[in-house]
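A.B. asks: Structure file run20.pdb (PDB, C-alpha atoms, pLDDT in the B column) right here:
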```pdb
MODEL        1
ATOM      1  CA  MET W 442     124.204 154.572  80.512  1.00 49.00           C
ATOM      2  CA  ALA W 443     120.776 156.099  81.243  1.00 54.00           C
ATOM      3  CA  PRO W 444     117.653 153.960  80.809  1.00 57.00           C
ATOM      4  CA  THR W 445     115.616 154.621  77.675  1.00 64.00           C
ATOM      5  CA  GLU W 446     112.428 155.199  79.646  1.00 70.00           C
ATOM      6  CA  SER W 447     112.207 156.998  82.958  1.00 75.00           C
ATOM      7  CA  THR W 448     109.559 156.266  85.531  1.00 82.00           C
ATOM      8  CA  TRP W 449     107.699 159.083  87.236  1.00 81.00           C
ATOM      9  CA  ARG W 450     105.626 158.893  90.354  1.00 82.00           C
ATOM     10  CA  VAL W 451     102.889 161.494  90.489  1.00 82.00           C
ATOM     11  CA  VAL W 452     100.626 162.061  93.481  1.00 86.00           C
ATOM     12  CA  VAL W 453      97.266 163.573  92.591  1.00 85.00           C
ATOM     13  CA  ARG W 454      94.901 164.988  95.175  1.00 87.00           C
ATOM     14  CA  ILE W 455      91.357 165.407  93.922  1.00 87.00           C
ATOM     15  CA  GLY W 456      89.446 167.748  96.182  1.00 87.00           C
ATOM     16  CA  ALA W 457      85.783 168.494  96.624  1.00 88.00           C
ATOM     17  CA  GLY W 458      86.037 171.044  93.803  1.00 89.00           C
ATOM     18  CA  GLN W 459      85.999 168.199  91.263  1.00 87.00           C
ATOM     19  CA  PRO W 460      82.905 166.159  92.244  1.00 89.00           C
ATOM     20  CA  GLU W 461      82.409 164.629  88.783  1.00 88.00           C
ATOM     21  CA  LEU W 462      85.976 163.349  88.631  1.00 87.00           C
ATOM     22  CA  ARG W 463      85.805 162.042  92.211  1.00 89.00           C
ATOM     23  CA  ALA W 464      82.572 160.180  91.459  1.00 88.00           C
ATOM     24  CA  ALA W 465      84.001 158.685  88.266  1.00 85.00           C
ATOM     25  CA  LEU W 466      87.088 157.395  90.091  1.00 88.00           C
ATOM     26  CA  ALA W 467      85.518 156.428  93.434  1.00 88.00           C
ATOM     27  CA  GLU W 468      84.332 152.995  92.294  1.00 87.00           C
ATOM     28  CA  LEU W 469      87.675 151.937  90.832  1.00 88.00           C
ATOM     29  CA  PRO W 470      90.496 150.129  92.639  1.00 89.00           C
ATOM     30  CA  ALA W 471      93.752 152.101  93.090  1.00 84.00           C
ATOM     31  CA  ARG W 472      95.558 150.735  90.013  1.00 84.00           C
ATOM     32  CA  ALA W 473      92.501 151.219  87.840  1.00 89.00           C
ATOM     33  CA  ARG W 474      92.190 154.816  89.076  1.00 89.00           C
ATOM     34  CA  ALA W 475      95.779 155.480  88.045  1.00 88.00           C
ATOM     35  CA  GLU W 476      95.190 154.015  84.586  1.00 88.00           C
ATOM     36  CA  ARG W 477      91.959 155.977  84.156  1.00 89.00           C
ATOM     37  CA  LEU W 478      93.751 159.221  85.103  1.00 88.00           C
ATOM     38  CA  ARG W 479      96.438 158.431  82.490  1.00 87.00           C
ATOM     39  CA  GLN W 480      93.700 157.909  79.906  1.00 87.00           C
ATOM     40  CA  LEU W 481      91.990 161.179  80.814  1.00 86.00           C
ATOM     41  CA  ALA W 482      95.326 163.006  80.689  1.00 85.00           C
ATOM     42  CA  LEU W 483      95.955 161.593  77.210  1.00 83.00           C
ATOM     43  CA  LEU W 484      92.547 162.852  76.089  1.00 82.00           C
ATOM     44  CA  GLY W 485      93.398 166.272  77.497  1.00 83.00           C
ATOM     45  CA  VAL W 486      96.675 166.355  75.574  1.00 82.00           C
ATOM     46  CA  CYS W 487      94.869 165.380  72.361  1.00 79.00           C
ATOM     47  CA  TRP W 488      92.315 168.118  72.979  1.00 76.00           C
ATOM     48  CA  LEU W 489      95.021 170.730  73.534  1.00 77.00           C
ATOM     49  CA  ARG W 490      96.734 169.709  70.303  1.00 76.00           C
ATOM     50  CA  GLY W 491      93.737 170.541  68.195  1.00 74.00           C
ATOM     51  CA  GLY W 492      90.600 169.082  69.637  1.00 70.00           C
ATOM     52  CA  PRO W 493      88.359 166.489  68.085  1.00 67.00           C
ATOM     53  CA  LEU W 494      87.785 166.310  64.361  1.00 60.00           C
ATOM     54  CA  PRO W 495      84.422 167.492  63.033  1.00 66.00           C
ATOM     55  CA  ALA W 496      81.950 164.681  62.368  1.00 68.00           C
ATOM     56  CA  GLY W 497      82.405 163.035  59.002  1.00 70.00           C
ATOM     57  CA  GLN W 498      85.949 164.285  58.491  1.00 68.00           C
ATOM     58  CA  PRO W 499      88.522 161.503  58.059  1.00 68.00           C
ATOM     59  CA  PRO W 500      91.458 161.542  60.468  1.00 64.00           C
ATOM     60  CA  PRO W 501      94.761 162.784  59.095  1.00 66.00           C
ATOM     61  CA  ILE W 502      97.186 160.146  57.883  1.00 65.00           C
ATOM     62  CA  VAL W 503     100.316 160.069  60.000  1.00 65.00           C
ATOM     63  CA  ALA W 504     103.107 157.558  60.430  1.00 64.00           C
ATOM     64  CA  ILE W 505     102.735 155.859  63.815  1.00 59.00           C
ATOM     65  CA  ASP W 506     105.431 153.937  65.607  1.00 70.00           C
ATOM     66  CA  PRO W 507     104.168 150.321  66.081  1.00 73.00           C
ATOM     67  CA  GLY W 508     104.803 150.497  69.842  1.00 78.00           C
ATOM     68  CA  LEU W 509     102.774 153.676  70.139  1.00 76.00           C
ATOM     69  CA  ALA W 510      99.975 152.206  68.046  1.00 75.00           C
ATOM     70  CA  ALA W 511      99.700 149.229  70.395  1.00 81.00           C
ATOM     71  CA  ARG W 512      99.648 151.494  73.461  1.00 81.00           C
ATOM     72  CA  ARG W 513      97.034 153.724  71.856  1.00 80.00           C
ATOM     73  CA  ALA W 514      94.873 150.672  71.114  1.00 82.00           C
ATOM     74  CA  ARG W 515      95.104 149.547  74.763  1.00 85.00           C
ATOM     75  CA  LEU W 516      94.166 153.017  75.998  1.00 84.00           C
ATOM     76  CA  LEU W 517      91.198 153.226  73.647  1.00 84.00           C
ATOM     77  CA  ASP W 518      90.020 149.759  74.744  1.00 85.00           C
ATOM     78  CA  GLY W 519      90.228 150.918  78.359  1.00 84.00           C
ATOM     79  CA  LEU W 520      88.181 153.998  77.556  1.00 83.00           C
ATOM     80  CA  ARG W 521      85.547 151.919  75.789  1.00 81.00           C
ATOM     81  CA  GLN W 522      85.294 149.502  78.731  1.00 82.00           C
ATOM     82  CA  ALA W 523      85.095 152.364  81.239  1.00 75.00           C
ATOM     83  CA  GLY W 524      82.235 153.910  79.277  1.00 68.00           C
ATOM     84  CA  GLU W 525      80.129 150.766  79.379  1.00 66.00           C
TER
ENDMDL
END
```
Go through the file and emit its structure as structure tokens.

C.D. replies:
Amino acid sequence: MAPTESTWRVVVRIGAGQPELRAALAELPARARAERLRQLALLGVCWLRGGPLPAGQPPPIVAIDPGLAARRARLLDGLRQAGE
């Protein structure tokens, strides 16, 4: 039987053409860099799905799987800590 979750290994090379991203990741240890890239990728996916909501507009109500809600909360906490 196949596992319910597959694990991917992705190698990312960030060249001199992305100086802002390199600077943002340079200070972080390897595992933290990987987590930060996952967070940034998640933001990119959200942006592609419709972008941010206009200011003052309430977010749409959607049913969220409890496991996904916990993961989302961890990712948002990581983003808040990285921004400090």

A.B. asks: Apply the PyMOL selection byres ((chain W and resi 476) around 12) to the displayed file and report the matching residues as a ChimeraX atom specification.

C.D. replies: /W:466,469-475,477-483,515-520,523

A.B. asks: Rounded to one decimal place, report the atom CA of Val453 of chain W-atom CA of Arg490 of chain W distance in Å.

C.D. replies: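 Computed distance, atom CA of Val453 of chain W to atom CA of Arg490 of chain W, equals 23.1 Å.
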
A.B. asks: So the first atom is atom CA of Ala464 of chain W and the second is atom CA of Val486 of chain W; what is the distance between them in Å, to one decimal place?

C.D. replies: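 The value is 22.1 Å.
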
A.B. asks: For atom CA of Ser447 of chain W and atom CA of Leu489 of chain W, determine how far apart the two atoms are, in Å to one decimal place.

C.D. replies: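 Computed distance, atom CA of Ser447 of chain W to atom CA of Leu489 of chain W, equals 23.9 Å.
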